[in-house]
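Colleague: Here you go, this is structure-v7.tsv (TSV, C-alpha atoms and all ligand atoms).
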```tsv
chain	number	residue	atom	x	y	z
A	1	MET	CA	86.98	98.27	99.07
A	2	ARG	CA	88.95	100.55	101.36
A	3	LYS	CA	87.31	103.96	101.67
A	4	HIS	CA	89.75	106.84	101.37
A	5	ILE	CA	90.27	108.85	104.54
A	6	ILE	CA	91.64	112.38	104.57
A	7	ALA	CA	92.60	113.66	108.01
A	8	GLY	CA	93.83	117.17	108.79
A	9	ASN	CA	96.45	117.32	111.52
A	10	TRP	CA	96.32	120.92	112.70
A	11	LYS	CA	99.20	120.40	115.15
A	12	MET	CA	99.67	123.33	117.59
A	13	ASN	CA	97.79	125.85	115.46
A	14	LEU	CA	94.56	127.86	115.81
A	15	THR	CA	92.72	129.09	118.89
A	16	PRO	CA	89.20	127.75	119.58
A	17	ASN	CA	87.65	130.71	117.71
A	18	GLU	CA	90.00	130.30	114.76
A	19	ALA	CA	89.33	126.56	114.71
A	20	LYS	CA	85.58	127.16	114.62
A	21	ALA	CA	85.99	129.62	111.75
A	22	LEU	CA	88.07	127.13	109.75
A	23	VAL	CA	85.56	124.26	110.01
A	24	GLU	CA	82.71	126.62	109.20
A	25	GLU	CA	84.54	127.62	106.04
A	26	LEU	CA	85.41	124.00	105.27
A	27	ALA	CA	82.02	122.35	105.83
A	28	PRO	CA	80.22	123.53	102.65
A	29	LYS	CA	83.30	122.81	100.55
A	30	VAL	CA	83.49	119.13	101.57
A	31	GLN	CA	79.80	118.36	101.93
A	32	ASN	CA	79.73	116.18	98.81
A	33	SER	CA	82.95	114.31	99.56
A	34	ASN	CA	82.90	110.64	98.95
A	35	CYS	CA	85.80	110.02	101.31
A	36	GLU	CA	85.95	110.27	105.07
A	37	VAL	CA	86.81	113.84	106.11
A	38	VAL	CA	88.47	114.20	109.52
A	39	VAL	CA	89.96	117.20	111.33
A	40	CYS	CA	92.30	116.81	114.30
A	41	PRO	CA	92.46	120.13	116.19
A	42	PRO	CA	94.50	120.82	119.33
A	43	ALA	CA	92.70	119.36	122.36
A	44	ILE	CA	91.57	122.75	123.64
A	45	ASP	CA	89.76	123.42	120.34
A	46	ILE	CA	87.85	120.14	120.30
A	47	GLN	CA	84.75	121.40	122.08
A	48	ALA	CA	84.34	124.37	119.71
A	49	VAL	CA	84.93	122.21	116.63
A	50	SER	CA	82.62	119.50	117.93
A	51	GLU	CA	79.76	122.02	118.08
A	52	ALA	CA	80.62	123.62	114.74
A	53	ILE	CA	80.59	120.32	112.80
A	54	LYS	CA	77.15	119.19	113.98
A	55	GLY	CA	75.06	118.28	110.95
A	56	THR	CA	78.08	118.19	108.60
A	57	ASN	CA	80.04	115.22	107.22
A	58	ILE	CA	83.23	116.35	108.98
A	59	GLN	CA	84.44	113.97	111.68
A	60	LEU	CA	86.59	114.77	114.66
A	61	GLY	CA	89.97	113.40	115.65
A	62	ALA	CA	92.40	114.10	118.50
A	63	GLN	CA	96.16	114.46	118.15
A	64	ASN	CA	96.95	112.06	120.97
A	65	VAL	CA	95.28	109.94	123.66
A	66	HIS	CA	96.49	108.34	126.89
A	67	TRP	CA	96.47	104.62	127.77
A	68	LYS	CA	94.56	104.93	131.05
A	69	GLU	CA	90.97	105.94	131.71
A	70	ASN	CA	91.98	108.60	134.27
A	71	GLY	CA	94.53	109.30	137.00
A	72	ALA	CA	97.66	111.22	137.87
A	73	PHE	CA	98.97	111.92	134.36
A	74	THR	CA	99.43	115.67	134.18
A	75	GLY	CA	98.89	117.10	130.73
A	76	GLU	CA	97.33	113.96	129.25
A	77	ILE	CA	93.84	113.32	127.86
A	78	SER	CA	91.81	110.14	128.10
A	79	ALA	CA	89.70	108.35	125.50
A	80	LYS	CA	86.63	108.81	127.68
A	81	MET	CA	87.04	112.61	127.65
A	82	LEU	CA	87.43	112.63	123.88
A	83	LEU	CA	84.47	110.33	123.29
A	84	GLU	CA	82.19	112.57	125.33
A	85	LEU	CA	82.91	115.40	122.87
A	86	GLY	CA	82.13	113.25	119.84
A	87	VAL	CA	85.73	112.45	118.88
A	88	LYS	CA	86.01	109.38	116.65
A	89	TYR	CA	89.71	109.19	115.72
A	90	ALA	CA	92.98	109.73	117.58
A	91	ILE	CA	96.40	110.17	116.01
A	92	VAL	CA	98.94	108.03	117.88
A	93	GLY	CA	102.72	108.01	117.55
A	94	HIS	CA	103.15	111.00	115.27
A	95	SER	CA	106.85	111.48	114.56
A	96	GLU	CA	106.77	114.86	116.33
A	97	ARG	CA	105.54	113.07	119.47
A	98	ARG	CA	108.28	110.46	119.05
A	99	GLN	CA	110.96	113.09	118.37
A	100	TYR	CA	110.11	115.79	120.92
A	101	PHE	CA	108.03	114.10	123.61
A	102	GLY	CA	109.67	110.75	124.18
A	103	GLU	CA	107.01	108.60	122.54
A	104	THR	CA	108.32	105.07	121.99
A	105	ASP	CA	107.08	102.03	120.07
A	106	GLU	CA	105.86	100.72	123.41
A	107	THR	CA	103.85	103.81	124.41
A	108	VAL	CA	102.45	103.99	120.88
A	109	ASN	CA	101.26	100.40	121.27
A	110	GLN	CA	99.71	101.14	124.68
A	111	ARG	CA	97.96	104.28	123.51
A	112	ALA	CA	96.62	102.64	120.36
A	113	LYS	CA	95.40	99.57	122.23
A	114	TYR	CA	93.57	101.57	124.87
A	115	ALA	CA	92.09	103.93	122.29
A	116	LEU	CA	90.74	101.06	120.26
A	117	THR	CA	89.26	99.15	123.17
A	118	SER	CA	87.64	102.39	124.37
A	119	GLY	CA	85.90	102.93	121.04
A	120	LEU	CA	88.23	105.40	119.32
A	121	ILE	CA	89.88	104.61	116.00
A	122	PRO	CA	93.63	105.16	116.28
A	123	ILE	CA	95.55	106.60	113.34
A	124	ILE	CA	98.94	105.04	114.00
A	125	CYS	CA	101.89	106.89	112.47
A	126	VAL	CA	105.13	105.28	111.30
A	127	GLY	CA	107.93	106.59	109.13
A	128	GLU	CA	111.67	106.72	108.62
A	129	SER	CA	114.29	109.46	108.94
A	130	LEU	CA	116.29	110.67	105.95
A	131	GLU	CA	119.29	108.73	107.23
A	132	ILE	CA	117.33	105.48	107.13
A	133	ARG	CA	115.87	106.27	103.69
A	134	GLU	CA	119.37	106.93	102.34
A	135	ALA	CA	120.75	103.77	103.93
A	136	GLY	CA	118.10	101.79	102.02
A	137	THR	CA	116.60	100.20	105.14
A	138	THR	CA	113.23	101.96	105.12
A	139	ASN	CA	111.01	98.93	104.61
A	140	ASP	CA	112.72	97.04	107.36
A	141	PHE	CA	112.46	100.00	109.75
A	142	VAL	CA	108.78	100.79	109.20
A	143	SER	CA	107.89	97.09	109.29
A	144	LYS	CA	109.46	96.85	112.75
A	145	GLN	CA	107.54	99.96	113.86
A	146	ILE	CA	104.29	98.42	112.63
A	147	VAL	CA	104.88	95.07	114.33
A	148	ALA	CA	105.65	96.89	117.61
A	149	ALA	CA	102.66	99.23	117.34
A	150	LEU	CA	100.27	96.36	116.65
A	151	ASN	CA	101.66	93.98	119.24
A	152	GLY	CA	98.81	92.14	120.97
A	153	PHE	CA	96.10	93.23	118.51
A	154	SER	CA	93.75	90.83	116.75
A	155	GLY	CA	93.36	90.87	112.97
A	156	GLN	CA	89.85	92.18	113.43
A	157	GLN	CA	91.18	95.11	115.45
A	158	VAL	CA	93.93	95.86	112.94
A	159	GLN	CA	91.54	96.19	110.04
A	160	SER	CA	89.39	98.63	111.98
A	161	LEU	CA	92.21	101.10	112.60
A	162	VAL	CA	94.13	103.43	110.28
A	163	ILE	CA	97.86	103.56	109.64
A	164	ALA	CA	99.65	106.65	108.39
A	165	TYR	CA	102.97	106.24	106.63
A	166	GLU	CA	104.80	109.51	107.14
A	167	PRO	CA	108.47	109.75	106.14
A	168	ILE	CA	109.96	112.19	108.66
A	169	TRP	CA	112.01	113.96	105.99
A	170	ALA	CA	108.80	114.82	104.12
A	171	ILE	CA	106.90	116.32	107.05
A	172	GLY	CA	106.56	120.08	106.87
A	173	THR	CA	109.51	120.29	104.48
A	174	GLY	CA	107.68	120.70	101.18
A	175	LYS	CA	109.60	117.61	100.08
A	176	THR	CA	107.14	114.82	99.27
A	177	ALA	CA	107.98	111.18	98.74
A	178	THR	CA	107.39	110.30	95.10
A	179	SER	CA	104.13	108.49	94.59
A	180	GLN	CA	106.15	105.39	93.76
A	181	GLU	CA	108.23	105.60	96.96
A	182	ALA	CA	105.10	106.14	99.05
A	183	ASN	CA	103.26	103.30	97.37
A	184	ASP	CA	106.21	100.91	97.70
A	185	THR	CA	106.69	101.56	101.41
A	186	ILE	CA	102.97	101.28	102.06
A	187	LEU	CA	103.00	97.97	100.20
A	188	ALA	CA	105.83	96.82	102.47
A	189	ILE	CA	103.68	97.76	105.48
A	190	ARG	CA	100.75	95.87	104.01
A	191	ASN	CA	102.94	92.81	103.42
A	192	THR	CA	104.11	92.94	107.02
A	193	ILE	CA	100.50	93.05	108.22
A	194	ALA	CA	99.74	90.10	105.92
A	195	LYS	CA	102.58	88.10	107.46
A	196	VAL	CA	101.44	88.71	111.02
A	197	PHE	CA	97.65	88.95	110.70
A	198	GLY	CA	96.85	87.30	107.36
A	199	LYS	CA	96.17	88.51	103.84
A	200	GLU	CA	92.56	89.48	104.35
A	201	THR	CA	93.37	91.76	107.28
A	202	ALA	CA	96.12	93.39	105.21
A	203	GLN	CA	93.78	93.94	102.28
A	204	ASN	CA	91.18	95.59	104.51
A	205	THR	CA	93.50	97.88	106.50
A	206	ARG	CA	93.59	101.52	105.43
A	207	ILE	CA	97.04	103.06	105.10
A	208	GLN	CA	97.40	106.79	104.47
A	209	TYR	CA	100.37	108.73	103.20
A	210	GLY	CA	101.47	111.87	105.05
A	211	GLY	CA	104.26	114.38	104.47
A	212	SER	CA	103.79	117.61	102.49
A	213	MET	CA	100.70	116.33	100.71
A	214	ASN	CA	98.94	119.31	99.17
A	215	ALA	CA	96.31	120.37	96.65
A	216	LYS	CA	98.83	119.99	93.81
A	217	ASN	CA	100.40	116.60	94.48
A	218	ALA	CA	97.38	114.83	96.02
A	219	SER	CA	95.99	113.40	92.79
A	220	GLU	CA	99.24	111.66	91.86
A	221	LEU	CA	99.62	110.17	95.34
A	222	MET	CA	95.96	109.18	95.63
A	223	ALA	CA	96.06	107.41	92.26
A	224	MET	CA	98.42	104.79	93.72
A	225	GLU	CA	96.86	101.45	94.48
A	226	ASN	CA	98.07	101.16	98.06
A	227	ILE	CA	97.51	104.74	99.25
A	228	ASP	CA	94.17	104.99	101.01
A	229	GLY	CA	94.15	108.69	101.82
A	230	GLY	CA	96.29	111.28	103.52
A	231	LEU	CA	97.29	112.75	106.86
A	232	ILE	CA	97.65	116.41	106.02
A	233	GLY	CA	99.50	118.98	108.11
A	234	GLY	CA	100.16	122.42	106.61
A	235	ALA	CA	97.62	122.17	103.78
A	236	SER	CA	94.84	121.25	106.23
A	237	LEU	CA	94.96	124.77	107.68
A	238	LYS	CA	93.64	126.21	104.42
A	239	ALA	CA	90.01	125.30	103.77
A	240	GLU	CA	90.37	125.58	99.99
A	241	ASP	CA	93.43	123.32	99.79
A	242	PHE	CA	92.06	120.76	102.22
A	243	ALA	CA	88.76	120.64	100.31
A	244	THR	CA	90.65	120.10	97.05
A	245	ILE	CA	92.48	117.14	98.59
A	246	CYS	CA	89.15	115.71	99.81
A	247	ALA	CA	87.72	116.11	96.30
A	248	VAL	CA	90.67	114.25	94.80
A	249	ALA	CA	90.26	111.45	97.34
A	250	SER	CA	86.57	111.19	96.51
A	251	LYS	CA	87.19	110.01	92.95
B	301	LIG	P1	102.72	118.19	106.57
B	301	LIG	O1	102.45	117.34	107.91
B	301	LIG	O2	101.57	117.89	105.64
B	301	LIG	O3	102.74	119.62	107.01
B	301	LIG	O4	104.01	117.73	106.00
B	301	LIG	C1	101.95	116.04	107.85
B	301	LIG	C2	101.89	115.47	109.24
B	301	LIG	O5	102.78	115.74	110.04
B	301	LIG	O6	100.93	114.74	109.58
```
As structure tokens - that is how I would like this structure written.
Ligand code: PGA

Modeller:
Amino acid sequence: MRKHIIAGNWKMNLTPNEAKALVEELAPKVQNSNCEVVVCPPAIDIQAVSEAIKGTNIQLGAQNVHWKENGAFTGEISAKMLLELGVKYAIVGHSERRQYFGETDETVNQRAKYALTSGLIPIICVGESLEIREAGTTNDFVSKQIVAALNGFSGQQVQSLVIAYEPIWAIGTGKTATSQEANDTILAIRNTIAKVFGKETAQNTRIQYGGSMNAKNASELMAMENIDGGLIGGASLKAEDFATICAVASK
């Protein structure tokens, strides 16, 4: 059984004080969740959130992580730094990182590999543009992204990480993939993992959907066999909405 995982990607929102206030509001609302509840604040908010979630069932994630332990990499953050603050997950290869900050399949692979061997659980993001969706080559495209991101991993490692399928055209647009589209593409990802790492690994690997998931559409998406949770942007900034999504994922 794959346990549902709901992760809030706060992106570049909230100051440390605002972040603390949001998790304090969220904690009682998700305390009975039967899914994993993760928040991924901006790096500068991590310390405040780490303290505020003590004793709750909320877990902490980062929005990125570097592939070296330390060194001359201005602006980057290492796994060791994150682990010291109690961070468990790290988003890697979000489409905004790929689009605006030059992240490539290769750097995604490096970041994910180092995160995993350091003891973090990477949430590896893949997803197609509208152009690719309309050309009908989505499955092919995301399968290639997955193979590149997981290059050099063992099956055991793959089943311990999380994948997020996030169609770029659905992110922050209010336009969600239909539950069928999301499920079909996630199935294609699972089949690719099966081909490379074997059926059992594919069956055990959690794959989330992300892209305008909200309190209203979560139940339809979460009802699909292959969707193991969500990576939530906008709706994760509202405690009530995020808690509703966690409740839906707990069923
Ligand atoms: P959204 O963002 O829910 O605001 O579409 C999802 C994401 O980018 O992870």

Colleague: What's around segment 215-222 of chain A at 9 Å? Count all atoms listed in the file, leave out sequence neighbours fewer than 5 positions away in its own chain, and write the answer as number ranges by chain.

Modeller: A: 4, 176, 178-180, 182-183, 209, 227-230, 235, 240-245, 248-249

Colleague: Hey, can I get the axis-aligned box for ligand LIG 301 (chain B)? All listed atoms, 6 Å padding on each side, centre and edge lengths in Å to one decimal, as JSON.

Modeller:
```
{"center_x": 102.5, "center_y": 117.2, "center_z": 107.8, "size_x": 15.1, "size_y": 16.9, "size_z": 16.4}
```

Colleague: Give the residues close to ligand LIG 301 (chain B), within 6 Å, counting all atoms listed in the file; write them as an mmCIF file with C-alpha atoms, in the coordinates of the input.

Modeller:
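Dumped everything to part-v7.cif:
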```cif
data_model
loop_
_atom_site.group_PDB
_atom_site.id
_atom_site.type_symbol
_atom_site.label_atom_id
_atom_site.label_comp_id
_atom_site.auth_asym_id
_atom_site.auth_seq_id
_atom_site.Cartn_x
_atom_site.Cartn_y
_atom_site.Cartn_z
ATOM 1 C CA ASN A 9 96.450 117.320 111.520
ATOM 2 C CA ALA A 170 108.800 114.820 104.120
ATOM 3 C CA ILE A 171 106.900 116.320 107.050
ATOM 4 C CA GLY A 172 106.560 120.080 106.870
ATOM 5 C CA GLY A 210 101.470 111.870 105.050
ATOM 6 C CA GLY A 211 104.260 114.380 104.470
ATOM 7 C CA SER A 212 103.790 117.610 102.490
ATOM 8 C CA MET A 213 100.700 116.330 100.710
ATOM 9 C CA LEU A 231 97.290 112.750 106.860
ATOM 10 C CA ILE A 232 97.650 116.410 106.020
ATOM 11 C CA GLY A 233 99.500 118.980 108.110
ATOM 12 C CA GLY A 234 100.160 122.420 106.610
#
```

Colleague: Using all atoms listed in the file, which protein or nucleic acid residues come within 12 Å of Lys113 of chain A? Drop anything in the same chain fewer than 2 positions from it, and give the result as a VMD selection string.

Modeller: chain A and resid 65 to 68 79 90 92 106 to 111 115 to 124 148 to 154 157 to 158 160 to 161

Colleague: Using 6 Å as the limit and counting only C-alpha atoms, can you tabulate each residue of segment 64-166 of chain A that touches segment 198-206 of chain A, with its shortest atom-to-atom distance in Å and the two atoms involved, as a tab-separated table?

Modeller:
```
residue	atom	partner	partner_atom	distance
A:Gly155	CA	A:Thr201	CA	5.8
A:Gln159	CA	A:Thr205	CA	4.4
A:Val162	CA	A:Arg206	CA	5.2
```

Colleague: Mind giving me the straight-line distance from atom CA of Glu96 of chain A to atom CA of Gly75 of chain A in Å, one decimal?

Modeller: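 If I compute the distance from atom CA of Glu96 of chain A to atom CA of Gly75 of chain A, I get 16.6 Å.
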
Colleague: Would you mind telling me which residue in A:Ala188, A:Ala177, A:Ile146, A:Val39 lies nearest to Ala27 of chain A when using all atoms listed in the file?

Modeller: A:Val39
